[in-house]
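A short worksheet on the structure shown next.
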Amino acid sequence: MSKLIWLHDYSVQIPAIDNEHKLLVELINEFSSSLDTHGAFQAKIVTESLKKLSCCIKQHFESEERFLMFNNYPDFDAHKQEHDLLLDQIKRFEQRFKTEKKAFNEKMLLFLKDWLVRHIILHDIKFGVYFRDKELINNFG
Ligand SMILES: [Fe+2]
Ligand SMILES: [Fe+2]
């Protein structure tokens, strides 16, 4: 399956957040590559790369939400709701993943690729523009 490529258009103009998004792109690609592996360790490799990806998504959401809250972002609740919806979806994926294996994985990969790009473009860039226009950015970390 084709790799997800980071484009400058995805930048929220906040380097710490861009770096976290770039890491998610990398981990989605790693998950994609794990699906192409073969042999006795395939299931283990796929399971581990999915675990790493879902863990990183959770950490990223926590850090982005800390940043938005700290900076009193007015759309915080709606933004967090978007994150929570994905976390619920990932939980369901992880459940199904245990029982359905390969047939389901490609579908899950496509969903995650699409979700990440759409969320960055529709929602994350929005707060990037908001903070840039207002020059409101405080510490991040
Ligand atoms: Fe977000
Ligand atoms: Fe984000």
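The chains in the structure tokens are called A, B, ... from first to last as shown; in each chain the residues are counted from 1, and the ligands are counted from 1 in the order shown.
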**OP:** Please write out the residues within 8 Å of ligand 2 as a PyMOL selection string, counting only C-alpha atoms and all ligand atoms.
**Re:** chain A and resi 17+20-21+60-61+64+116+119-120+124
Produce a file of the selected residues containing all heavy atoms, as a compact mmCIF listing (two decimals), in the first residue's frame.
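Dumped to again-v4.txt:
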```txt
# COMPACT_ATOMS: atom_id res chain seq x y z
N ILE A 17 4.15 20.60 17.55
CA ILE A 17 2.98 19.82 17.12
C ILE A 17 3.22 19.20 15.75
O ILE A 17 2.90 18.03 15.52
CB ILE A 17 1.69 20.67 17.17
CG1 ILE A 17 1.39 20.97 18.65
CG2 ILE A 17 0.52 19.95 16.51
CD1 ILE A 17 0.12 21.71 18.92
N GLU A 20 5.15 16.07 16.21
CA GLU A 20 4.33 14.93 16.68
C GLU A 20 3.51 14.36 15.53
O GLU A 20 3.37 13.15 15.41
CB GLU A 20 3.42 15.38 17.83
CG GLU A 20 4.21 15.71 19.09
CD GLU A 20 3.34 16.01 20.30
OE1 GLU A 20 2.10 15.88 20.22
OE2 GLU A 20 3.90 16.40 21.33
N HIS A 21 2.98 15.23 14.68
CA HIS A 21 2.21 14.75 13.52
C HIS A 21 3.12 13.95 12.58
O HIS A 21 2.71 12.93 12.03
CB HIS A 21 1.57 15.92 12.77
CG HIS A 21 0.43 16.55 13.51
ND1 HIS A 21 -0.01 17.82 13.25
CD2 HIS A 21 -0.38 16.05 14.49
CE1 HIS A 21 -1.04 18.09 14.06
NE2 HIS A 21 -1.27 17.04 14.81
N HIS A 60 -0.09 11.94 21.76
CA HIS A 60 -0.20 13.17 20.97
C HIS A 60 -1.47 13.93 21.34
O HIS A 60 -1.44 15.15 21.52
CB HIS A 60 -0.18 12.88 19.48
CG HIS A 60 -0.60 14.07 18.67
ND1 HIS A 60 0.13 15.25 18.67
CD2 HIS A 60 -1.69 14.30 17.89
CE1 HIS A 60 -0.50 16.14 17.92
NE2 HIS A 60 -1.61 15.59 17.43
N PHE A 61 -2.59 13.23 21.45
CA PHE A 61 -3.84 13.90 21.82
C PHE A 61 -3.71 14.57 23.18
O PHE A 61 -4.14 15.70 23.37
CB PHE A 61 -5.00 12.91 21.84
CG PHE A 61 -5.48 12.48 20.47
CD1 PHE A 61 -6.43 11.49 20.34
CD2 PHE A 61 -4.98 13.09 19.32
CE1 PHE A 61 -6.87 11.09 19.07
CE2 PHE A 61 -5.42 12.70 18.06
CZ PHE A 61 -6.37 11.69 17.94
N GLU A 64 -1.52 17.67 22.75
CA GLU A 64 -2.22 18.72 22.00
C GLU A 64 -3.34 19.34 22.86
O GLU A 64 -3.51 20.56 22.87
CB GLU A 64 -2.80 18.12 20.72
CG GLU A 64 -3.17 19.16 19.67
CD GLU A 64 -3.60 18.50 18.37
OE1 GLU A 64 -2.73 18.19 17.55
OE2 GLU A 64 -4.81 18.27 18.20
N LEU A 116 -6.20 10.77 9.99
CA LEU A 116 -5.12 11.67 10.41
C LEU A 116 -5.02 12.89 9.50
O LEU A 116 -5.00 14.03 9.96
CB LEU A 116 -3.77 10.93 10.45
CG LEU A 116 -2.61 11.81 10.93
CD1 LEU A 116 -2.72 12.12 12.42
CD2 LEU A 116 -1.26 11.17 10.65
N HIS A 119 -8.13 15.12 9.90
CA HIS A 119 -8.16 15.82 11.18
C HIS A 119 -7.15 16.97 11.19
O HIS A 119 -7.46 18.08 11.65
CB HIS A 119 -7.89 14.85 12.33
CG HIS A 119 -7.92 15.52 13.67
ND1 HIS A 119 -9.10 15.86 14.30
CD2 HIS A 119 -6.92 15.96 14.47
CE1 HIS A 119 -8.82 16.47 15.44
NE2 HIS A 119 -7.51 16.55 15.58
N ILE A 120 -5.97 16.73 10.67
CA ILE A 120 -4.95 17.79 10.63
C ILE A 120 -5.45 18.95 9.77
O ILE A 120 -5.42 20.11 10.19
CB ILE A 120 -3.59 17.25 10.11
CG1 ILE A 120 -2.97 16.30 11.14
CG2 ILE A 120 -2.62 18.41 9.84
CD1 ILE A 120 -1.69 15.61 10.66
N ASP A 124 -6.76 20.66 13.13
CA ASP A 124 -5.51 21.13 13.75
C ASP A 124 -5.02 22.42 13.09
O ASP A 124 -4.56 23.34 13.78
CB ASP A 124 -4.43 20.04 13.67
CG ASP A 124 -4.74 18.85 14.59
OD1 ASP A 124 -5.66 18.97 15.41
OD2 ASP A 124 -4.06 17.82 14.48
```
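The residue that comes closest to Asn19 (chain A), out of A:Ile45, A:Lys113, A:Ser54, A:Trp6 and on the basis of only C-alpha atoms, is A:Trp6.
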Subject >> Residues flagged alpha helix (DSSP H) by DSSP in region 4-133 of chain A, as number ranges by chain >> reply: A: 15-35, 42-70, 76-100, 102-119, 125-133
Subject >> Residues near Tyr73 (chain A), cut-off 12 Å, only C-alpha atoms, skip fewer than 2 positions along chain, as a PyMOL selection string >> reply: chain A and resi 64-71+75-80+124+126-131+134+136-138
Selection above as a file: C-alpha atoms, as a short mmCIF file (atom, residue, chain, number, x, y, z; two decimals), in the first residue's frame:
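What landed in out.cif:
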```cif
data_model
loop_
_atom_site.label_atom_id
_atom_site.label_comp_id
_atom_site.auth_asym_id
_atom_site.auth_seq_id
_atom_site.Cartn_x
_atom_site.Cartn_y
_atom_site.Cartn_z
CA GLU A 64 -2.22 18.72 22.00
CA GLU A 65 -5.14 19.02 24.44
CA ARG A 66 -2.78 20.31 27.17
CA PHE A 67 -1.54 22.93 24.74
CA LEU A 68 -5.08 23.97 23.68
CA MET A 69 -6.34 24.13 27.24
CA PHE A 70 -3.30 26.05 28.46
CA ASN A 71 -3.89 28.59 25.70
CA ASP A 75 -13.09 25.30 20.34
CA PHE A 76 -11.37 23.05 22.84
CA ASP A 77 -14.43 20.90 23.67
CA ALA A 78 -15.30 20.18 20.03
CA HIS A 79 -11.65 19.42 19.27
CA LYS A 80 -11.34 17.04 22.21
CA ASP A 124 -5.51 21.13 13.75
CA LYS A 126 -7.64 25.73 12.40
CA PHE A 127 -6.06 26.18 15.83
CA GLY A 128 -2.69 26.89 14.19
CA VAL A 129 -4.27 29.75 12.26
CA TYR A 130 -6.17 30.96 15.33
CA PHE A 131 -3.04 31.21 17.49
CA LYS A 134 -3.96 36.21 17.71
CA LEU A 136 -1.48 33.99 21.66
CA ILE A 137 0.89 31.06 21.92
CA ASN A 138 2.27 30.39 25.39
#
```
Original post:
Using only C-alpha atoms, which residues sit within 9 Å of region 84-91 of chain A once same-chain residues fewer than 6 positions away are excluded, as a VMD selection string?
Top reply: chain A and resid 54 57 to 58 61 108 112 115
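Take CA of Glu82 (chain A) and CA of Met1 (chain A): the distance between them is 26.4 Å.
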